[in-house]
Every structure is written in structure tokens, then in C-alpha cells.
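Everything on this sheet refers to the single structure shown next.
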Amino acid sequence: MPAKPATAAAAKAAPFTVSMALVRGIVAGASRRGHRPDGFLQRAGIAPGLLAQEGARVTSDQYIALMWRVLEALGDEALGQFSRPLKRGSLELIARLALTERHAEPALRRMCQAFSLLQDNLELSLVRDGTQVGVCLQPLGSEPQPNFRHEFSLRVLWRITAWLLGGSLKVQRFDFAFARPDYAGDYGETFPAPLRFDQQASAFWFDAAVLQRCCSRDEQALQRFVASWPSAAVIHSRGGDSIESRVHAHLLQSRPAWVGLEAAACALHMSPPTLQRKLALAGTSFQAIKDELRRDIAVSRLGTSQASFTDLAADLGFADAAAFQRAFKGWTGSPPGMYRSRPLQA
């Protein structure tokens with residue numbers, strides 16, 4: 001893989017945070033290779049004390065920095081998740097082999113073959129089920145597998161698949177070959193589609209019609225894609241025209257006013273009850289989106305600036321610092337002071 005890329009500017013404009021459960025997944029991979037986690041965390045700007053906090057979050061910048069530190073130390077693009085490493089260049093090899101085919105279906109079958117050859121823990125296959133097709137990860141062996149092995153693999157393979165199919169791919173459902181974990185409520189950003197747990201295989205499912213697409217990517221496009229890792233597998237795009245994305249974008253633009261439900265509904269040309277109903281059908285609420293955005297901004301600013309709690313409270317629409325601190329602890333389970341960490345090291 002190439003030199004470390006800068007994090008996308010879009011992530012700066014719209015802060016995105018990652019559950020500490022996914023941080024633990026990376027740390028566990030490093031630990032299996034005999035590395036202590038504290039050094040990796042500190043060098044990524046993450047306070048080690050947060051690792052044990054169930055509701056804690058890290059910024060996408062911190063998460064990507066942690067991925068790079070572990071990848072460089074292990075020489076493993078799978079971050080220690082498999083019994084043998086994916087040596088550097090493996091993801092490029094998978095994409096390059098897939099591109100030997102001109103059409104989507106054989107290209108994805110090539111991707112599955114290459115991935116299955118490079119590791120011994122998961123068998124990857126392309127499965128048709130009526131009007132849907134799934135990229136499915138079947139666990140191999142009888143030993144229990146860590147959740148993060150499946151979570152990480154699904155996210156990476158989804159992004160490779162999307163790139164092969166033209167740059168975007170709407171997933172209709174994610175399956176997981178393990179029981180629903182306590183932190184599944186944090187999957188909304190990382191796996192933005194309906195979820196099923198306790199399945200025989202982990203998978204992401206999409207419309208089979210996309211298999212008719214052509215795969216046409218030149219060498220320059222391939223190198224740009226490779227240069228985007230690992231951030232491309234992490235940063236969540238909040239684009240699109242979903243009702244959640246529209247509310248999120250409006251709230252972000254309205255800062256520091258932090259408009260309420262009525263004003264947001266008016267700006268989106270609907271009544272407040274209609275907005276509430278649409279958000280409920282999407283499995284969320286106006287207040288949940290507002291709190292998630294304020295949480296992500298707070299986590300980002302606590303880790304990258306010396307802004308006082310009073311200034312943060314004002315920027316996030318709270319009456320005073322005490323109200324902000326109470327809300328922050330409710331969002332993350334930890335006081336905001338725990339998120340003060342030294343800057344990322346070069």
C-alpha cells in the first residue's frame with residue numbers, strides 16, 4: 001500500500017465517529033500478534049482509558065490513524081484478523097484480479113476466489129437468491145470467530161465491490177454469522193441497511209440487476225482506489241436523498257442556531273408530524289439525529305482542540321457547561337474530560 005493519505009475533507013466538514021467496540025476489534029488483532037495496545041492508541045490520539053468505556057467513541061481520523069499504526073506494525077492489511085496475514089498489496093491484488101473480467105458477475109467471482117485464497121478463516125462466495133445477490137462469508141473451522149473479523153471483512157469487501165461496480169452500491173441487507181452484540185445500536189453508520197444476526201454466513205445483499213454492469217477501470221483509477229485505503233473502508237458517506245441525510249445536512253448547516261423539529265420540517269417542506277413519521281419509518285428520530293451530530297462534533301473537538309467546555313456548550317446549543325457535560329456523559333458513558341488527548345503523532 002502507498003504512503004499514508006490525508007483524511008478526506010468531507011469527514012472534516014461532517015464529523016463522523018466510530019464505536020469503541022470497533023476500536024477493540026483492531027486492538028484485539030494487534031494483541032493476537034503480541035503487541036500491547038496502549039502505544040497504538042496514544043499514537044493515534046486515543047486516550048487508552050476510553051478502551052474500557054462501553055459507550056465511548058473515537059473520531060474517524062483517530063480510527064484511521066489507529067488502523068495505519070497497526071497495519072504498519074504488523075505488515076498486515078487485515079490488521080491481525082486472520083490466522084495468517086494479508087501481506088501489503090493483497091487488497092490491490094484482489095481488485096486487480098477482479099478487473100481481468102469485463103462484466104460485474106465474473107469480476108465479483110474473481111474477487112471471491114482471490115480473497116478465499118489469501119486467508120484460511122472465511123470462504124467468500126457470490127450467491128443468488130431471487131432478485132438479490134449476496135457476497136457471503138462462510139466461517140471455516142469449528143473455533144469461534146471474533147465478530148470484528150466479519151465486520152471488518154464485510155466493510156472492506158463492500159467497498160471493493162462498490163468500486164468495481166462503478167463507485168457506489170446500495171446494500172439492501174447485512175447478515176452476520178454471530179449473535180446480535182450489545183453494541184449493534186452503533187451499526188447504523190457502519191452498516192446502513194437492515195441487519196440480521198445469527199445467520200449461517202455473514203453477507204451483504206444487493207439488487208441482482210447490477211451484475212449486468214460492465215467493469216471498466218484503468219490503472220490510474222486502480223491506483224487512486226488503493227491510495228484511498230484504509231479511510232475508504234471507514235468513512236461513512238452521508239450523501240443521498242434519504243430523510244435522515246436531509247435532516248442531518250440541515251442541522252449541520254443551521255449551526256449554531258440548532259433549529260428545532262418545527263423549523264427543520266418547514267425547511268424540508270413538510271409538516272412536523274410528517275417529518276416525525278418518515279424518521280420513525282427509517283428507525284430514527286429528529287432528536288436522535290441531532291444528538292448524534294452534536295456528539296460527533298463534541299468528540300472531534302475534544303480530541304483536536306483546547307476549546308473550553310463553556311465554548312463547546314455554546315456551540316452545541318446547551319445553556320451552560322454543566323448541561324453539556326451531562327448530555328455528553330449520557331451519549332458516551334464517559335465525562336468529556338476523558339476525551340482530552342494529545343494530538344496525533346506523525
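Numbering starts fresh at 1 for the residues of each chain in the C-alpha cells, the chains themselves are lettered A, B, ... in the order given, and ligands are numbered from 1 as they appear.
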Report the residues of region 23-203 of chain A whose backbone DSSP state falls under strand (DSSP E or B), written as a VMD selection string. chain A and resid 57 to 59 76 87 103 122 to 129 132 to 139 173 to 175 195 to 196 202 to 203
Leaving out region 289-301 of chain A and any residue of its chain fewer than 5 positions from it, which residues lie within 7 Å of it when counting only C-alpha atoms, given as a PyMOL selection string? chain A and resi 15-17+58-59+248+316+328+331
Those residues with N, CA and C atoms, as a PDB file, in the first residue's frame please?
```
ATOM      1  N   PRO A  15     -18.425  15.722  10.863  1.00  0.00           N
ATOM      2  CA  PRO A  15     -17.727  14.769  11.739  1.00  0.00           C
ATOM      3  C   PRO A  15     -18.441  13.429  11.800  1.00  0.00           C
ATOM      4  N   PHE A  16     -17.641  12.387  11.854  1.00  0.00           N
ATOM      5  CA  PHE A  16     -18.147  11.024  11.913  1.00  0.00           C
ATOM      6  C   PHE A  16     -17.354  10.300  12.980  1.00  0.00           C
ATOM      7  N   THR A  17     -18.025   9.660  13.918  1.00  0.00           N
ATOM      8  CA  THR A  17     -17.324   8.931  14.963  1.00  0.00           C
ATOM      9  C   THR A  17     -17.618   7.442  14.859  1.00  0.00           C
ATOM     10  N   VAL A  58     -14.626   7.292  19.021  1.00  0.00           N
ATOM     11  CA  VAL A  58     -13.426   7.972  18.537  1.00  0.00           C
ATOM     12  C   VAL A  58     -13.773   8.610  17.202  1.00  0.00           C
ATOM     13  N   THR A  59     -13.012   9.625  16.806  1.00  0.00           N
ATOM     14  CA  THR A  59     -13.263  10.244  15.518  1.00  0.00           C
ATOM     15  C   THR A  59     -12.777   9.324  14.396  1.00  0.00           C
ATOM     16  N   HIS A 248     -29.887  15.576   8.708  1.00  0.00           N
ATOM     17  CA  HIS A 248     -28.507  15.743   9.163  1.00  0.00           C
ATOM     18  C   HIS A 248     -27.872  16.955   8.481  1.00  0.00           C
ATOM     19  N   LEU A 316     -22.772  23.958  20.729  1.00  0.00           N
ATOM     20  CA  LEU A 316     -23.663  22.812  20.551  1.00  0.00           C
ATOM     21  C   LEU A 316     -25.092  23.083  21.014  1.00  0.00           C
ATOM     22  N   PHE A 328     -23.182  14.897  27.340  1.00  0.00           N
ATOM     23  CA  PHE A 328     -22.074  14.139  26.768  1.00  0.00           C
ATOM     24  C   PHE A 328     -21.908  12.799  27.480  1.00  0.00           C
ATOM     25  N   TRP A 331     -24.489  10.478  26.251  1.00  0.00           N
ATOM     26  CA  TRP A 331     -24.233   9.984  24.902  1.00  0.00           C
ATOM     27  C   TRP A 331     -23.170   8.896  24.879  1.00  0.00           C
TER      28      TRP A 331
END
```
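Residue neighbourhood of Ser168 (chain A), excluding near-sequence residues (fewer than 3 positions): A:Trp158, A:Arg159, A:Ile160, A:Thr161, A:Ala162, A:Trp163, A:Leu164, A:Leu165, A:Val171, A:Phe206, A:Val210, A:Ala232, A:Ser237, A:Gly239, A:Gly240, at 12 Å, using only C-alpha atoms.
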Pull the helix (DSSP H, G or I) assignments for region 143-286 of chain A out of DSSP run on the backbone, and list those residues as a PyMOL selection string. chain A and resi 147-164+182-190+208-212+219-227+231-233+243-254+261-267+272-281+286
At a cut-off of 12 Å, using only C-alpha atoms, what residues contact Phe324 (chain A)? Leave out same-chain residues fewer than 5 positions from it and give the result as a VMD selection string. chain A and resid 291 294 to 295 298 308 to 319 329 to 331 335 to 337
Dump of N, CA, C and O atoms for the selected residues, as a short mmCIF file (atom, residue, chain, number, x, y, z; two decimals), in the first residue's frame:
```cif
data_model
loop_
_atom_site.label_atom_id
_atom_site.label_comp_id
_atom_site.auth_asym_id
_atom_site.auth_seq_id
_atom_site.Cartn_x
_atom_site.Cartn_y
_atom_site.Cartn_z
N ASP A 291 -28.76 14.66 18.36
CA ASP A 291 -27.82 14.27 19.42
C ASP A 291 -26.59 13.56 18.85
O ASP A 291 -25.47 13.77 19.33
N ARG A 294 -24.37 16.29 17.39
CA ARG A 294 -23.70 17.06 18.46
C ARG A 294 -22.64 16.21 19.16
O ARG A 294 -21.56 16.70 19.49
N ARG A 295 -22.93 14.93 19.37
CA ARG A 295 -21.95 14.03 19.97
C ARG A 295 -20.69 13.94 19.11
O ARG A 295 -19.57 14.06 19.61
N ALA A 298 -18.69 17.11 19.27
CA ALA A 298 -18.02 17.24 20.56
C ALA A 298 -16.81 16.32 20.66
O ALA A 298 -15.73 16.74 21.09
N SER A 308 -12.84 25.22 25.52
CA SER A 308 -13.38 25.01 26.86
C SER A 308 -14.75 24.37 26.78
O SER A 308 -15.43 24.43 25.75
N PHE A 309 -15.17 23.75 27.89
CA PHE A 309 -16.50 23.16 27.93
C PHE A 309 -17.57 24.25 27.74
O PHE A 309 -18.63 23.99 27.17
N THR A 310 -17.31 25.45 28.22
CA THR A 310 -18.26 26.56 28.05
C THR A 310 -18.42 26.89 26.57
O THR A 310 -19.54 27.06 26.08
N ASP A 311 -17.29 26.95 25.84
CA ASP A 311 -17.37 27.24 24.41
C ASP A 311 -18.07 26.11 23.66
O ASP A 311 -18.88 26.35 22.75
N LEU A 312 -17.76 24.87 24.02
CA LEU A 312 -18.42 23.74 23.38
C LEU A 312 -19.92 23.75 23.65
O LEU A 312 -20.72 23.48 22.75
N ALA A 313 -20.30 24.06 24.88
CA ALA A 313 -21.72 24.11 25.23
C ALA A 313 -22.45 25.14 24.37
O ALA A 313 -23.53 24.86 23.84
N ALA A 314 -21.83 26.32 24.20
CA ALA A 314 -22.46 27.36 23.38
C ALA A 314 -22.58 26.93 21.93
O ALA A 314 -23.61 27.13 21.28
N ASP A 315 -21.52 26.31 21.40
CA ASP A 315 -21.51 25.90 20.00
C ASP A 315 -22.52 24.79 19.73
O ASP A 315 -23.08 24.69 18.63
N LEU A 316 -22.77 23.96 20.73
CA LEU A 316 -23.66 22.81 20.55
C LEU A 316 -25.09 23.08 21.01
O LEU A 316 -25.93 22.19 21.00
N GLY A 317 -25.35 24.32 21.43
CA GLY A 317 -26.72 24.69 21.75
C GLY A 317 -27.17 24.37 23.16
O GLY A 317 -28.37 24.24 23.41
N PHE A 318 -26.22 24.26 24.11
CA PHE A 318 -26.58 24.00 25.51
C PHE A 318 -26.54 25.30 26.32
O PHE A 318 -25.79 26.22 25.98
N ALA A 319 -27.32 25.34 27.39
CA ALA A 319 -27.42 26.55 28.20
C ALA A 319 -26.13 26.86 28.91
O ALA A 319 -25.77 28.03 29.09
N LYS A 329 -22.02 12.80 28.79
CA LYS A 329 -21.90 11.54 29.53
C LYS A 329 -23.05 10.61 29.18
O LYS A 329 -22.87 9.38 29.11
N GLY A 330 -24.24 11.19 28.94
CA GLY A 330 -25.36 10.36 28.52
C GLY A 330 -25.15 9.75 27.14
O GLY A 330 -25.55 8.62 26.89
N TRP A 331 -24.49 10.48 26.25
CA TRP A 331 -24.23 9.98 24.90
C TRP A 331 -23.17 8.90 24.88
O TRP A 331 -23.28 7.93 24.12
N PRO A 335 -17.27 11.12 31.00
CA PRO A 335 -17.20 12.58 31.04
C PRO A 335 -16.33 13.10 29.91
O PRO A 335 -15.40 12.41 29.46
N PRO A 336 -16.59 14.31 29.43
CA PRO A 336 -15.81 14.83 28.29
C PRO A 336 -14.33 14.98 28.58
O PRO A 336 -13.51 14.92 27.66
N GLY A 337 -13.97 15.14 29.85
CA GLY A 337 -12.56 15.28 30.18
C GLY A 337 -11.72 14.08 29.78
O GLY A 337 -10.53 14.22 29.50
#
```
Can you list, as a list in words, every protein, DNA or RNA residue that comes within 7 Å of region 93-108 of chain A when you count only C-alpha atoms, leaving out same-chain residues fewer than 5 positions away? Ala114, Phe115, Ile160, Leu165, Leu211, Gln212, Arg213, Cys214, Cys215 and Ser216 of chain A
Minimum-distance residue to Leu79 (chain A), chosen among A:Arg110, A:His250, A:Arg32, A:Arg217 (using only C-alpha atoms): A:Arg32
Contacts of region 274-281 of chain A at 9 Å (only C-alpha atoms; same-chain gap of 6+ positions) as number ranges by chain: A: 243-244, 261, 264-265, 268
Dump as a PDB file, in the first residue's frame, selection limited to all heavy atoms:
```
ATOM      1  N   ILE A 243     -34.249  10.635   4.147  1.00  0.00           N
ATOM      2  CA  ILE A 243     -34.754  11.639   5.079  1.00  0.00           C
ATOM      3  C   ILE A 243     -33.757  11.891   6.204  1.00  0.00           C
ATOM      4  O   ILE A 243     -33.579  13.033   6.648  1.00  0.00           O
ATOM      5  CB  ILE A 243     -36.147  11.214   5.640  1.00  0.00           C
ATOM      6  CG1 ILE A 243     -36.764  12.357   6.440  1.00  0.00           C
ATOM      7  CG2 ILE A 243     -36.027   9.951   6.479  1.00  0.00           C
ATOM      8  CD1 ILE A 243     -37.045  13.603   5.617  1.00  0.00           C
ATOM      9  N   GLU A 244     -33.037  10.837   6.637  1.00  0.00           N
ATOM     10  CA  GLU A 244     -32.014  11.038   7.685  1.00  0.00           C
ATOM     11  C   GLU A 244     -30.903  11.948   7.184  1.00  0.00           C
ATOM     12  O   GLU A 244     -30.449  12.845   7.912  1.00  0.00           O
ATOM     13  CB  GLU A 244     -31.395   9.709   8.118  1.00  0.00           C
ATOM     14  CG  GLU A 244     -32.410   8.645   8.525  1.00  0.00           C
ATOM     15  CD  GLU A 244     -32.611   7.630   7.423  1.00  0.00           C
ATOM     16  OE1 GLU A 244     -33.023   8.052   6.312  1.00  0.00           O
ATOM     17  OE2 GLU A 244     -32.350   6.441   7.660  1.00  0.00           O
ATOM     18  N   LEU A 261     -37.539  20.843  15.672  1.00  0.00           N
ATOM     19  CA  LEU A 261     -38.294  19.998  14.745  1.00  0.00           C
ATOM     20  C   LEU A 261     -39.155  20.827  13.799  1.00  0.00           C
ATOM     21  O   LEU A 261     -39.185  20.584  12.590  1.00  0.00           O
ATOM     22  CB  LEU A 261     -39.170  19.026  15.546  1.00  0.00           C
ATOM     23  CG  LEU A 261     -40.142  18.174  14.728  1.00  0.00           C
ATOM     24  CD1 LEU A 261     -39.388  17.191  13.842  1.00  0.00           C
ATOM     25  CD2 LEU A 261     -41.093  17.427  15.662  1.00  0.00           C
ATOM     26  N   ALA A 264     -37.078  22.701  11.187  1.00  0.00           N
ATOM     27  CA  ALA A 264     -36.477  21.749  10.246  1.00  0.00           C
ATOM     28  C   ALA A 264     -37.529  21.220   9.274  1.00  0.00           C
ATOM     29  O   ALA A 264     -37.274  21.110   8.069  1.00  0.00           O
ATOM     30  CB  ALA A 264     -35.819  20.603  11.005  1.00  0.00           C
ATOM     31  N   ALA A 265     -38.704  20.893   9.791  1.00  0.00           N
ATOM     32  CA  ALA A 265     -39.778  20.388   8.931  1.00  0.00           C
ATOM     33  C   ALA A 265     -40.167  21.432   7.893  1.00  0.00           C
ATOM     34  O   ALA A 265     -40.362  21.106   6.709  1.00  0.00           O
ATOM     35  CB  ALA A 265     -40.987  19.995   9.776  1.00  0.00           C
ATOM     36  N   LEU A 268     -37.691  21.625   5.157  1.00  0.00           N
ATOM     37  CA  LEU A 268     -37.738  20.445   4.294  1.00  0.00           C
ATOM     38  C   LEU A 268     -39.094  20.295   3.600  1.00  0.00           C
ATOM     39  O   LEU A 268     -39.368  19.247   3.004  1.00  0.00           O
ATOM     40  CB  LEU A 268     -37.426  19.197   5.118  1.00  0.00           C
ATOM     41  CG  LEU A 268     -36.012  19.153   5.730  1.00  0.00           C
ATOM     42  CD1 LEU A 268     -35.857  17.946   6.640  1.00  0.00           C
ATOM     43  CD2 LEU A 268     -34.953  19.139   4.654  1.00  0.00           C
TER      44      LEU A 268
END
```
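Going from CA of Ala28 (chain A) to CA of Leu41 (chain A) covers 12.2 Å.
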